[in-house]
$ cat work_31.txt   # compact mmCIF, C-alpha atoms (C1' of nucleotides)
# COMPACT_ATOMS: atom_id res chain seq x y z
CA MET A 22 -0.85 44.53 -1.37
CA ALA A 23 -4.16 44.02 -3.11
CA ASP A 24 -3.43 40.49 -4.30
CA LEU A 25 -2.17 39.12 -1.03
CA LEU A 26 -3.77 35.77 -1.80
CA ARG A 27 -2.09 35.50 -5.17
CA GLN A 28 1.19 36.38 -3.52
CA ASN A 29 0.61 33.68 -0.92
CA VAL A 30 -0.01 31.07 -3.62
CA ARG A 31 3.18 32.12 -5.38
CA ARG A 32 5.22 31.98 -2.21
CA THR A 33 3.78 28.63 -1.20
CA ILE A 34 3.87 26.61 -4.41
CA ASP A 35 5.97 28.86 -6.64
CA TYR A 36 3.18 29.23 -9.17
CA THR A 37 1.75 32.51 -10.44
CA LEU A 38 -1.99 32.43 -10.97
CA SER A 39 -3.22 33.86 -14.25
CA ASP A 40 -5.82 36.60 -13.99
CA GLU A 41 -8.56 34.13 -14.88
CA GLU A 42 -7.36 31.60 -12.34
CA TYR A 43 -7.14 34.29 -9.71
CA GLU A 44 -10.64 35.56 -10.47
CA LEU A 45 -12.01 32.04 -10.30
CA LEU A 46 -10.29 31.33 -7.01
CA SER A 47 -11.16 34.56 -5.27
CA GLY A 48 -14.80 34.09 -6.27
CA PHE A 49 -15.00 31.40 -3.61
CA PHE A 50 -13.82 33.70 -0.83
CA PHE A 51 -15.56 36.63 0.68
CA LYS A 52 -13.99 39.57 2.40
CA LYS A 53 -15.02 40.79 5.81
CA SER A 54 -13.84 43.34 8.38
CA PHE A 55 -13.83 42.83 12.11
CA ASP A 56 -13.33 45.13 15.08
CA LYS A 57 -10.68 44.55 17.67
CA LYS A 58 -11.58 41.67 20.03
CA ALA A 59 -14.09 40.25 17.57
CA VAL A 60 -14.65 36.51 17.74
CA LEU A 61 -14.10 34.64 14.46
CA ALA A 62 -14.71 31.18 15.85
CA GLU A 63 -15.85 30.05 19.23
CA GLU A 64 -15.26 27.02 21.39
CA GLY A 65 -18.40 24.89 21.47
CA THR A 66 -19.74 25.95 18.08
CA THR A 67 -18.72 24.56 14.70
CA CYS A 68 -16.00 26.56 12.98
CA ARG A 69 -17.36 27.20 9.50
CA TYR A 70 -14.46 29.02 7.84
CA VAL A 71 -10.79 29.14 7.21
CA TYR A 72 -9.52 32.69 7.44
CA PHE A 73 -6.79 34.34 5.43
CA ILE A 74 -5.60 37.57 7.04
CA LEU A 75 -5.39 40.58 4.72
CA LYS A 76 -4.80 43.21 7.39
CA GLY A 77 -4.58 43.03 11.16
CA SER A 78 -3.97 40.06 13.43
CA CYS A 79 -5.69 37.43 15.51
CA TYR A 80 -4.96 34.40 17.65
CA SER A 81 -6.52 31.11 18.65
CA TYR A 82 -6.66 29.85 22.20
CA ILE A 83 -7.92 26.92 24.22
CA VAL A 84 -9.49 27.20 27.68
CA ASN A 85 -8.66 24.52 30.23
CA ARG A 86 -10.76 23.18 33.10
CA GLN A 87 -9.49 25.93 35.42
CA GLY A 88 -10.69 28.54 32.95
CA ASP A 89 -7.25 29.75 31.86
CA LYS A 90 -6.76 30.79 28.24
CA HIS A 91 -3.77 29.33 26.39
CA ALA A 92 -2.69 30.84 23.08
CA VAL A 93 -2.25 28.20 20.38
CA GLN A 94 -1.57 30.16 17.21
CA PHE A 95 -1.00 33.74 16.10
CA ALA A 96 -1.84 34.99 12.63
CA ILE A 97 -0.97 38.27 10.93
CA GLU A 98 -1.08 39.43 7.30
CA GLU A 99 -0.78 36.58 4.80
CA HIS A 100 -1.34 33.89 7.43
CA TRP A 101 -4.09 31.27 7.48
CA ILE A 102 -6.00 30.38 10.62
CA THR A 103 -8.91 28.17 11.60
CA ASP A 104 -9.97 25.61 14.19
CA HIS A 105 -8.65 22.74 12.07
CA TYR A 106 -10.32 20.13 14.21
CA SER A 107 -13.74 21.69 13.98
CA PHE A 108 -13.51 22.89 10.38
CA PHE A 109 -12.53 19.49 9.00
CA SER A 110 -14.70 17.33 11.25
CA GLN A 111 -17.64 19.75 11.41
CA ARG A 112 -17.89 19.06 15.14
CA LYS A 113 -18.03 21.51 18.02
CA GLY A 114 -14.94 23.70 18.12
CA ILE A 115 -12.30 23.35 20.81
CA TYR A 116 -10.53 26.66 20.14
CA THR A 117 -11.67 30.27 20.10
CA ILE A 118 -10.27 32.66 17.51
CA GLU A 119 -10.21 36.35 18.33
CA THR A 120 -8.85 39.45 16.62
CA LEU A 121 -6.11 41.47 18.32
CA GLU A 122 -6.70 44.56 16.17
CA PRO A 123 -9.26 45.72 13.63
CA THR A 124 -8.81 42.97 11.06
CA GLU A 125 -9.73 42.29 7.44
CA VAL A 126 -9.94 38.70 6.28
CA LEU A 127 -10.84 36.47 3.37
CA MET A 128 -13.16 33.68 4.44
CA LEU A 129 -13.65 30.30 2.80
CA ASN A 130 -16.40 27.98 3.96
CA ARG A 131 -16.34 24.20 4.02
CA ASP A 132 -18.42 23.66 0.86
CA SER A 133 -16.23 26.01 -1.13
CA TYR A 134 -13.12 24.42 0.29
CA ASN A 135 -14.33 20.97 -0.69
CA LYS A 136 -15.42 22.07 -4.12
CA LEU A 137 -12.09 23.79 -4.78
CA CYS A 138 -10.14 20.74 -3.69
CA LYS A 139 -12.28 18.44 -5.78
CA THR A 140 -12.33 20.45 -8.99
CA SER A 141 -8.83 21.88 -8.91
CA HIS A 142 -5.75 19.75 -8.56
CA LEU A 143 -3.82 22.99 -8.25
CA PHE A 144 -5.80 24.15 -5.23
CA GLU A 145 -5.53 20.77 -3.58
CA HIS A 146 -1.81 20.92 -4.20
CA PHE A 147 -1.64 24.39 -2.69
CA MET A 148 -3.49 23.24 0.41
CA ARG A 149 -1.31 20.17 0.72
CA VAL A 150 1.83 22.28 0.68
CA LEU A 151 0.37 24.77 3.16
CA MET A 152 -0.34 21.88 5.50
CA GLN A 153 3.04 20.36 4.92
CA ASN A 154 4.59 23.62 6.06
CA SER A 155 2.32 23.75 9.11
CA ILE A 156 3.33 20.26 10.13
CA VAL A 157 7.00 21.14 9.93
CA ALA A 158 6.43 24.19 12.13
CA LEU A 159 4.16 22.43 14.62
CA GLN A 160 6.47 19.48 15.05
CA TYR A 161 9.41 21.78 15.50
CA ARG A 162 7.51 23.73 18.12
CA ILE A 163 6.62 20.57 20.02
CA SER A 164 10.16 19.32 20.00
CA LYS A 165 11.48 22.65 21.26
CA THR A 166 8.80 22.91 23.94
CA ASN A 167 9.94 19.56 25.29
CA SER A 168 13.67 20.02 24.93
CA GLU A 169 14.49 23.66 25.64
CA SER A 170 14.17 25.91 28.68
CA ALA A 171 11.60 28.69 28.77
CA LYS A 172 14.38 31.23 28.26
CA ASP A 173 15.69 29.51 25.13
CA ARG A 174 12.17 29.12 23.77
CA TYR A 175 11.59 32.83 24.19
CA LEU A 176 14.88 33.65 22.49
CA GLU A 177 14.05 31.40 19.58
CA PHE A 178 10.54 32.79 19.30
CA SER A 179 11.70 36.38 19.27
CA GLY A 180 14.36 35.48 16.71
CA LEU A 181 11.93 33.68 14.42
CA TYR A 182 9.01 36.10 14.76
CA PRO A 183 10.34 39.56 15.68
CA HIS A 184 7.21 41.19 14.17
CA PHE A 185 5.07 39.21 16.63
CA ILE A 186 7.00 40.61 19.58
CA GLN A 187 6.06 44.10 18.39
CA ARG A 188 2.34 43.50 17.96
CA ILE A 189 1.31 40.85 20.43
CA PRO A 190 0.86 41.49 24.16
CA GLN A 191 3.42 39.81 26.35
CA TYR A 192 0.93 37.81 28.36
CA LEU A 193 -0.20 36.08 25.17
CA ILE A 194 3.35 35.30 24.13
CA ALA A 195 3.94 33.87 27.60
CA SER A 196 0.91 31.67 27.25
CA TYR A 197 2.02 30.59 23.76
CA LEU A 198 5.36 29.58 25.24
CA GLY A 199 3.65 27.65 28.03
CA ILE A 200 4.66 29.92 30.93
CA LYS A 201 3.04 32.65 33.07
CA PRO A 202 3.37 36.35 32.24
CA GLN A 203 5.33 36.88 35.47
CA SER A 204 7.88 34.28 34.42
CA LEU A 205 8.30 35.84 30.99
CA SER A 206 8.76 39.22 32.60
CA ARG A 207 11.56 37.78 34.76
CA ILE A 208 13.17 36.08 31.77
CA ARG A 209 13.18 39.36 29.86
CA LYS A 210 14.64 41.18 32.82
CA GLU A 211 17.43 38.62 33.07
CA LEU A 212 18.12 38.84 29.33
CA SER A 213 18.37 42.63 29.40
CA ASN A 214 21.45 42.43 31.69
CA MET B 295 -3.38 -7.52 6.82
CA ALA B 296 -1.51 -7.81 3.52
CA ASP B 297 -3.00 -4.63 2.03
CA LEU B 298 -2.36 -2.37 4.96
CA LEU B 299 -1.71 0.53 2.62
CA ARG B 300 -4.99 0.05 0.79
CA GLN B 301 -6.74 -0.09 4.14
CA ASN B 302 -5.02 3.12 5.18
CA VAL B 303 -6.21 4.89 2.03
CA ARG B 304 -9.75 3.66 2.66
CA ARG B 305 -9.70 4.79 6.28
CA THR B 306 -8.21 8.17 5.42
CA ILE B 307 -10.22 9.31 2.41
CA ASP B 308 -13.03 6.74 2.38
CA TYR B 309 -12.07 5.49 -1.06
CA THR B 310 -11.33 1.89 -2.01
CA LEU B 311 -8.52 1.54 -4.52
CA SER B 312 -9.21 -0.79 -7.45
CA ASP B 313 -6.69 -3.57 -7.99
CA GLU B 314 -5.09 -1.64 -10.83
CA GLU B 315 -4.89 1.56 -8.79
CA TYR B 316 -3.40 -0.34 -5.91
CA GLU B 317 -0.81 -2.04 -8.12
CA LEU B 318 0.14 1.27 -9.66
CA LEU B 319 0.46 2.95 -6.28
CA SER B 320 2.41 0.22 -4.54
CA GLY B 321 4.82 0.11 -7.46
CA PHE B 322 6.25 3.38 -6.17
CA PHE B 323 6.99 1.99 -2.72
CA PHE B 324 9.51 -0.59 -1.72
CA LYS B 325 9.38 -2.85 1.25
CA LYS B 326 12.22 -3.25 3.69
CA SER B 327 12.85 -4.94 7.04
CA PHE B 328 14.88 -3.48 9.87
CA ASP B 329 16.28 -4.90 13.10
CA LYS B 330 15.46 -3.43 16.45
CA LYS B 331 17.30 -0.14 17.07
CA ALA B 332 17.89 0.37 13.36
CA VAL B 333 18.18 3.99 12.23
CA LEU B 334 15.75 4.98 9.45
CA ALA B 335 16.76 8.63 9.35
CA GLU B 336 19.49 10.51 11.12
CA GLU B 337 19.96 14.02 12.36
CA GLY B 338 22.43 15.84 10.13
CA THR B 339 21.73 13.83 6.99
CA THR B 340 18.91 14.39 4.52
CA CYS B 341 15.87 12.23 5.18
CA ARG B 342 15.14 10.60 1.84
CA TYR B 343 11.95 8.66 2.59
CA VAL B 344 8.56 8.67 4.15
CA TYR B 345 7.92 5.41 5.95
CA PHE B 346 4.67 3.53 6.29
CA ILE B 347 4.84 0.93 9.06
CA LEU B 348 3.61 -2.55 8.11
CA LYS B 349 4.80 -4.34 11.24
CA GLY B 350 6.68 -3.18 14.30
CA SER B 351 7.21 0.32 15.65
CA CYS B 352 9.57 3.24 15.68
CA TYR B 353 9.92 6.76 16.98
CA SER B 354 11.51 10.05 16.07
CA TYR B 355 13.51 12.17 18.48
CA ILE B 356 15.43 15.40 18.63
CA VAL B 357 18.68 15.89 20.56
CA ASN B 358 19.20 19.22 22.35
CA ARG B 359 22.43 21.05 23.12
CA GLN B 360 22.86 19.12 26.37
CA GLY B 361 22.67 15.89 24.41
CA ASP B 362 19.31 14.71 25.78
CA LYS B 363 16.98 12.80 23.46
CA HIS B 364 13.37 13.98 23.28
CA ALA B 365 10.78 11.76 21.64
CA VAL B 366 8.71 13.65 19.08
CA GLN B 367 6.52 11.00 17.44
CA PHE B 368 5.73 7.32 17.81
CA ALA B 369 4.61 5.15 14.90
CA ILE B 370 3.18 1.63 14.88
CA GLU B 371 1.37 -0.43 12.25
CA GLU B 372 -0.49 1.69 9.68
CA HIS B 373 1.23 4.90 10.77
CA TRP B 374 3.34 7.20 8.62
CA ILE B 375 6.58 8.72 9.82
CA THR B 376 9.37 10.88 8.43
CA ASP B 377 11.46 13.94 9.22
CA HIS B 378 8.97 16.27 7.54
CA TYR B 379 11.35 19.19 7.65
CA SER B 380 14.17 17.36 5.95
CA PHE B 381 12.08 15.30 3.56
CA PHE B 382 10.24 18.29 2.13
CA SER B 383 13.11 20.78 2.15
CA GLN B 384 15.83 18.26 1.27
CA ARG B 385 18.05 19.85 3.90
CA LYS B 386 19.96 18.22 6.74
CA GLY B 387 17.63 16.37 9.08
CA ILE B 388 16.89 17.61 12.58
CA TYR B 389 15.31 14.41 13.89
CA THR B 390 16.51 10.83 14.16
CA ILE B 391 14.10 7.98 13.50
CA GLU B 392 14.80 4.64 15.13
CA THR B 393 12.98 1.32 15.32
CA LEU B 394 11.80 0.05 18.70
CA GLU B 395 11.33 -3.53 17.48
CA PRO B 396 12.15 -5.50 14.35
CA THR B 397 10.13 -3.50 11.86
CA GLU B 398 8.84 -3.85 8.32
CA VAL B 399 8.10 -0.71 6.34
CA LEU B 400 7.07 0.62 2.96
CA MET B 401 9.38 3.40 1.80
CA LEU B 402 8.61 6.19 -0.63
CA ASN B 403 11.35 8.53 -1.82
CA ARG B 404 11.03 12.17 -2.71
CA ASP B 405 10.97 11.69 -6.49
CA SER B 406 8.23 9.10 -6.26
CA TYR B 407 6.32 11.25 -3.83
CA ASN B 408 6.51 14.23 -6.17
CA LYS B 409 5.60 12.19 -9.20
CA LEU B 410 2.61 10.64 -7.45
CA CYS B 411 1.36 14.03 -6.28
CA LYS B 412 1.81 15.52 -9.72
CA THR B 413 0.21 12.75 -11.76
CA SER B 414 -2.54 11.71 -9.39
CA HIS B 415 -5.04 14.10 -7.94
CA LEU B 416 -6.23 11.19 -5.80
CA PHE B 417 -2.82 10.68 -4.22
CA GLU B 418 -2.40 14.39 -3.61
CA HIS B 419 -5.82 14.38 -1.99
CA PHE B 420 -4.86 11.42 0.16
CA MET B 421 -1.68 13.18 1.31
CA ARG B 422 -3.55 16.38 1.97
CA VAL B 423 -6.03 14.60 4.22
CA LEU B 424 -3.26 12.70 6.02
CA MET B 425 -1.60 16.03 6.75
CA GLN B 426 -4.84 17.64 7.76
CA ASN B 427 -5.25 14.90 10.35
CA SER B 428 -1.69 15.37 11.56
CA ILE B 429 -2.23 19.08 12.03
CA VAL B 430 -5.32 18.47 14.12
CA ALA B 431 -3.38 16.06 16.33
CA LEU B 432 -0.26 18.21 16.61
CA GLN B 433 -2.18 21.35 17.45
CA TYR B 434 -4.18 19.48 20.05
CA ARG B 435 -1.00 18.13 21.57
CA ILE B 436 0.55 21.59 21.76
CA SER B 437 -2.50 23.07 23.39
CA LYS B 438 -2.62 20.29 25.98
CA THR B 439 1.11 20.52 26.67
CA ASN B 440 0.66 24.18 27.51
CA SER B 441 -2.59 23.94 29.43
CA GLU B 442 -2.58 20.68 31.40
CA SER B 443 -0.42 19.28 34.19
CA ALA B 444 1.98 16.42 33.53
CA LYS B 445 -0.40 14.08 35.35
CA ASP B 446 -3.36 15.02 33.18
CA ARG B 447 -1.26 14.76 30.03
CA TYR B 448 -0.24 11.25 30.99
CA LEU B 449 -3.84 10.29 31.72
CA GLU B 450 -4.97 11.64 28.37
CA PHE B 451 -2.11 9.95 26.53
CA SER B 452 -2.80 6.57 28.10
CA GLY B 453 -6.49 6.97 27.31
CA LEU B 454 -5.91 7.93 23.69
CA TYR B 455 -3.10 5.47 22.94
CA PRO B 456 -3.41 2.48 25.29
CA HIS B 457 -1.54 0.31 22.78
CA PHE B 458 1.45 2.66 23.00
CA ILE B 459 1.62 2.22 26.77
CA GLN B 460 2.01 -1.51 26.19
CA ARG B 461 4.79 -1.35 23.63
CA ILE B 462 6.80 1.76 24.32
CA PRO B 463 9.30 2.05 27.18
CA GLN B 464 8.26 4.41 29.92
CA TYR B 465 11.27 6.69 29.62
CA LEU B 466 10.30 7.44 26.02
CA ILE B 467 6.72 8.21 26.98
CA ALA B 468 8.05 10.53 29.68
CA SER B 469 10.19 12.32 27.14
CA TYR B 470 7.23 12.55 24.71
CA LEU B 471 5.21 14.18 27.51
CA GLY B 472 8.03 16.59 28.25
CA ILE B 473 9.03 15.25 31.67
CA LYS B 474 11.78 13.06 33.16
CA PRO B 475 11.32 9.30 33.62
CA GLN B 476 11.59 9.75 37.39
CA SER B 477 8.70 12.19 37.35
CA LEU B 478 6.54 9.84 35.28
CA SER B 479 7.35 7.03 37.68
CA ARG B 480 6.14 9.19 40.57
CA ILE B 481 3.00 10.19 38.71
CA ARG B 482 2.18 6.55 38.02
CA LYS B 483 2.76 5.68 41.66
CA GLU B 484 0.42 8.43 42.77
CA LEU B 485 -2.23 7.32 40.25
CA SER B 486 -2.10 3.69 41.43
CA ASN B 487 -3.35 4.72 44.90
C1' DC C 35 25.75 -15.98 34.89
C1' DG C 36 27.37 -11.49 34.72
C1' DT C 37 26.22 -7.18 32.36
C1' DT C 38 23.18 -3.98 30.61
C1' DT C 39 18.89 -1.55 30.54
C1' DG C 40 14.88 0.32 32.47
C1' DC C 41 12.06 1.36 36.57
C1' DT C 42 11.62 2.98 41.29
C1' DT C 43 12.63 5.67 45.35
C1' DG C 44 14.77 9.22 48.53
C1' DA C 45 16.80 13.72 49.60
C1' DA C 46 18.35 18.10 48.13
C1' DT C 47 18.01 21.74 44.72
C1' DT C 48 16.25 24.62 41.12
C1' DC C 49 12.77 26.47 38.48
C1' DT C 50 8.19 28.03 37.79
C1' DG C 51 3.78 29.20 39.76
C1' DT C 52 0.94 31.72 43.08
C1' DC C 53 -0.52 35.56 45.58
C1' DA C 54 -0.37 40.30 46.39
C1' DA C 55 0.79 44.89 45.39
C1' DA C 56 2.60 48.61 42.91
C1' DG C 57 3.80 50.98 38.62
C1' DC C 58 2.85 52.35 33.99
C1' DA C 59 0.61 53.56 29.64
C1' DG C 60 -3.21 54.30 26.68
C1' DG C 61 -7.91 55.42 26.18
C1' DT C 62 -12.20 57.67 27.86
C1' DG C 63 -15.12 60.86 29.64
C1' DG C 64 -15.82 64.93 32.36
C1' DC D 59 -6.74 69.15 28.66
C1' DC D 60 -6.50 66.64 32.62
C1' DA D 61 -8.05 63.02 35.91
C1' DC D 62 -9.39 58.59 36.13
C1' DC D 63 -9.96 53.98 34.87
C1' DT D 64 -8.56 49.76 32.94
C1' DG D 65 -5.50 46.45 31.24
C1' DC D 66 -0.80 45.04 31.10
C1' DT D 67 3.75 44.57 33.08
C1' DT D 68 6.85 44.32 36.81
C1' DT D 69 8.46 42.96 41.36
C1' DG D 70 8.82 40.51 45.89
C1' DA D 71 8.02 36.72 49.06
C1' DC D 72 6.62 32.21 49.42
C1' DA D 73 4.74 27.57 47.99
C1' DG D 74 4.80 23.80 45.02
C1' DA D 75 6.24 20.99 41.23
C1' DA D 76 9.75 18.89 38.55
C1' DT D 77 14.75 18.01 38.16
C1' DT D 78 19.08 16.32 39.73
C1' DC D 79 21.96 13.15 41.91
C1' DA D 80 22.44 8.81 43.85
C1' DA D 81 21.35 4.23 44.97
C1' DG D 82 18.93 -0.15 44.60
C1' DC D 83 16.44 -3.61 42.11
C1' DA D 84 14.38 -6.54 38.51
C1' DA D 85 14.05 -8.20 33.94
C1' DA D 86 16.21 -8.93 29.53
C1' DC D 87 20.32 -10.17 26.87
C1' DG D 88 24.36 -12.06 25.21

$ encode --input "work_31.txt" --output "structure tokens"
Amino acid sequence: MADLLRQNVRRTIDYTLSDEEYELLSGFFFKKSFDKKAVLAEEGTTCRYVYFILKGSCYSYIVNRQGDKHAVQFAIEEHWITDHYSFFSQRKGIYTIETLEPTEVLMLNRDSYNKLCKTSHLFEHFMRVLMQNSIVALQYRISKTNSESAKDRYLEFSGLYPHFIQRIPQYLIASYLGIKPQSLSRIRKELSN
Amino acid sequence: MADLLRQNVRRTIDYTLSDEEYELLSGFFFKKSFDKKAVLAEEGTTCRYVYFILKGSCYSYIVNRQGDKHAVQFAIEEHWITDHYSFFSQRKGIYTIETLEPTEVLMLNRDSYNKLCKTSHLFEHFMRVLMQNSIVALQYRISKTNSESAKDRYLEFSGLYPHFIQRIPQYLIASYLGIKPQSLSRIRKELSN
DNA sequence: CGTTTGCTTGAATTCTGTCAAAGCAGGTGG
DNA sequence: CCACCTGCTTTGACAGAATTCAAGCAAACG
């Protein structure tokens, strides 16, 4: 799909951009391709972009004091990803974002983001609804993390995001679910009986 | 503070509402008082309002299959709370929101919320930034839940929200942190040595 | 003043993590 | 084209952390 961004706007706020509107909007983004394992944003340095995935996939993770990586978010085609903390505050990032495959993205920097929000009520609306949806998902994830067993969380995850199960290595899914790869392996073994 | 809402707008988007703007805005809200343990929103029924706390405190929780309550969010003065999922989708709620003390709130229903967003770029901006801030906090909480021990999570929580420790019963804080009250009690004992 | 509610503590159990090793698959270079 | 390497998954034995069950206690409440 060439106009993945236009499609995303339509899906999100049920509004179809005219050709002029679409041209205007996409003028603020620029397209870029990354290899597998490329770093889009790095802990310790300011995250300067929000990324919209056109093709490929990536994930964000945090590193704790012991040096372990913990997956925070996955993003595939038509998903948005950034270090929200760093991007909005312009402070040092706390997450690293890395591609899982060769990946093509649209990038929007902070100035463009601000300008779009300021000059276009429609864009601000779009962003508000995107964030609304994120909050719903994040809060749901938190409540499930605290109230369900690892097995049930895995079942729910694989039900909600079957395409992720295909494309994302198991040790990252384990870390996303807050368990070790060995534990996930045992859960899967138990479920296969 | 009489104009807690005006103060919240100023703090959030660094903009001071004129008297007319403030009058116009607050005309969409209505004020209401609740007893302790009053239910503001209930699992299974559509959540019709977002609440802004003027005085008092409340919390949202989810109930799992085993019937255990799990605290999802706490809200005190100048905080916003709702069942985001239900409020925005207008479907049956998945969280219950209950007061912890006698509590005074401003309530905004879905129609007013929509109308405000549609007619006022400023309000939409305000909401967008509120949500942006929520996402930062929620994502941070998820990453810490998955990467830190219960002890470290408690230490961080009590450092970030010392006022919560004062006002919120320990068993709810335990549930917010994803552990049992007995475990939190043991953690606190260990920390006091 | 008795009842309820929340916090603490102990002992036994269950679940997840840790450590170590082996198996497996895909990719690379000889 | 095959052998090897590397990264990921699986498995087993054991250690450790959190839960469960149960009891006791103190403060708050009606």

$ interface_residues --input "work_31.txt" --of "chain A" --to "chain D" --cutoff "9 Å" --atoms "only C-alpha atoms (C1' of nucleotides)" --output "VMD selection string"
chain A and resid 190 to 192 202 to 203 206 to 207

$ interface_residues --input "work_31.txt" --of "chain C" --to "chain A" --cutoff "12 Å" --atoms "only C-alpha atoms (C1' of nucleotides)" --output "VMD selection string"
chain C and resid 49 to 53

$ interface_residues --input "work_31.txt" --of "chain A" --to "chain B" --cutoff "7 Å" --atoms "all atoms listed in the file" --output "JSON, numbers by chain"
{"A": [83, 85, 91, 93, 105, 106, 142, 145, 146, 149, 152, 153, 156, 157, 159, 163, 164, 167, 168, 199]}

$ write_last_selection --input "work_31.txt" --atoms "C-alpha atoms" --output "mmCIF file, in the coordinates of the input"
data_model
loop_
_atom_site.group_PDB
_atom_site.id
_atom_site.type_symbol
_atom_site.label_atom_id
_atom_site.label_comp_id
_atom_site.auth_asym_id
_atom_site.auth_seq_id
_atom_site.Cartn_x
_atom_site.Cartn_y
_atom_site.Cartn_z
ATOM 1 C CA ILE A 83 -7.920 26.920 24.220
ATOM 2 C CA ASN A 85 -8.660 24.520 30.230
ATOM 3 C CA HIS A 91 -3.770 29.330 26.390
ATOM 4 C CA VAL A 93 -2.250 28.200 20.380
ATOM 5 C CA HIS A 105 -8.650 22.740 12.070
ATOM 6 C CA TYR A 106 -10.320 20.130 14.210
ATOM 7 C CA HIS A 142 -5.750 19.750 -8.560
ATOM 8 C CA GLU A 145 -5.530 20.770 -3.580
ATOM 9 C CA HIS A 146 -1.810 20.920 -4.200
ATOM 10 C CA ARG A 149 -1.310 20.170 0.720
ATOM 11 C CA MET A 152 -0.340 21.880 5.500
ATOM 12 C CA GLN A 153 3.040 20.360 4.920
ATOM 13 C CA ILE A 156 3.330 20.260 10.130
ATOM 14 C CA VAL A 157 7.000 21.140 9.930
ATOM 15 C CA LEU A 159 4.160 22.430 14.620
ATOM 16 C CA ILE A 163 6.620 20.570 20.020
ATOM 17 C CA SER A 164 10.160 19.320 20.000
ATOM 18 C CA ASN A 167 9.940 19.560 25.290
ATOM 19 C CA SER A 168 13.670 20.020 24.930
ATOM 20 C CA GLY A 199 3.650 27.650 28.030
#

$ atom_distance --input "work_31.txt" --atom1 "CA of Cys79 (chain A)" --atom2 "CA of Pro123 (chain A)"
9.2 Å

$ atom_distance --input "work_31.txt" --atom1 "CA of Ile391 (chain B)" --atom2 "CA of Leu181 (chain A)"
25.8 Å

$ atom_distance --input "work_31.txt" --atom1 "CA of Gly350 (chain B)" --atom2 "CA of Val399 (chain B)"
8.5 Å

$ residues_around --input "work_31.txt" --residues "Asp405 (chain B)" --least-positions-apart "3" --cutoff "12 Å" --atoms "all atoms listed in the file" --output "PyMOL selection string"
chain B and resi 322-323+342-344+381-382+384+401-402+408-412

$ closest_residue --input "work_31.txt" --among "A:Ile102, A:Leu75, A:Leu25, A:Ile97" --to "His184 (chain A)" --atoms "only C-alpha atoms"
A:Ile97

$ axis_aligned_box --input "work_31.txt" --around "region 69-76 of chain D" --padding-each-side "4 Å" --output "lines of an AutoDock Vina configuration file"
center_x = 7.2
center_y = 30.9
center_z = 44.0
size_x = 13.0
size_y = 32.1
size_z = 18.9

$ residues_near_point --input "work_31.txt" --point "(-6.7, 5.9, 0.6)" --cutoff "10 Å" --atoms "all atoms listed in the file" --output "MDAnalysis selection string"
chainID B and resid 299:311 316 416:417 419:421 423:424

$ decode --input "work_31.txt" --residues "region 127-149 of chain A" --atoms "C-alpha atoms" --output "CSV table (one decimal), in the first residue's frame"
chain,number,residue,atom,x,y,z
A,127,LEU,CA,8.4,7.7,7.6
A,128,MET,CA,10.0,10.0,10.1
A,129,LEU,CA,8.6,13.2,11.7
A,130,ASN,CA,10.8,15.4,13.8
A,131,ARG,CA,9.8,17.5,16.7
A,132,ASP,CA,9.6,20.8,14.9
A,133,SER,CA,7.4,19.4,12.2
A,134,TYR,CA,5.3,17.6,14.8
A,135,ASN,CA,4.8,20.9,16.7
A,136,LYS,CA,4.1,22.9,13.6
A,137,LEU,CA,1.5,20.3,12.3
A,138,CYS,CA,-0.3,20.3,15.7
A,139,LYS,CA,-0.3,24.1,15.9
A,140,THR,CA,-1.5,24.8,12.3
A,141,SER,CA,-3.8,21.9,11.8
A,142,HIS,CA,-6.6,21.1,14.1
A,143,LEU,CA,-7.1,18.0,12.1
A,144,PHE,CA,-3.6,16.7,12.7
A,145,GLU,CA,-3.9,17.5,16.4
A,146,HIS,CA,-7.1,15.6,16.5
A,147,PHE,CA,-5.5,12.7,14.7
A,148,MET,CA,-2.7,12.6,17.2
A,149,ARG,CA,-5.1,12.9,20.1
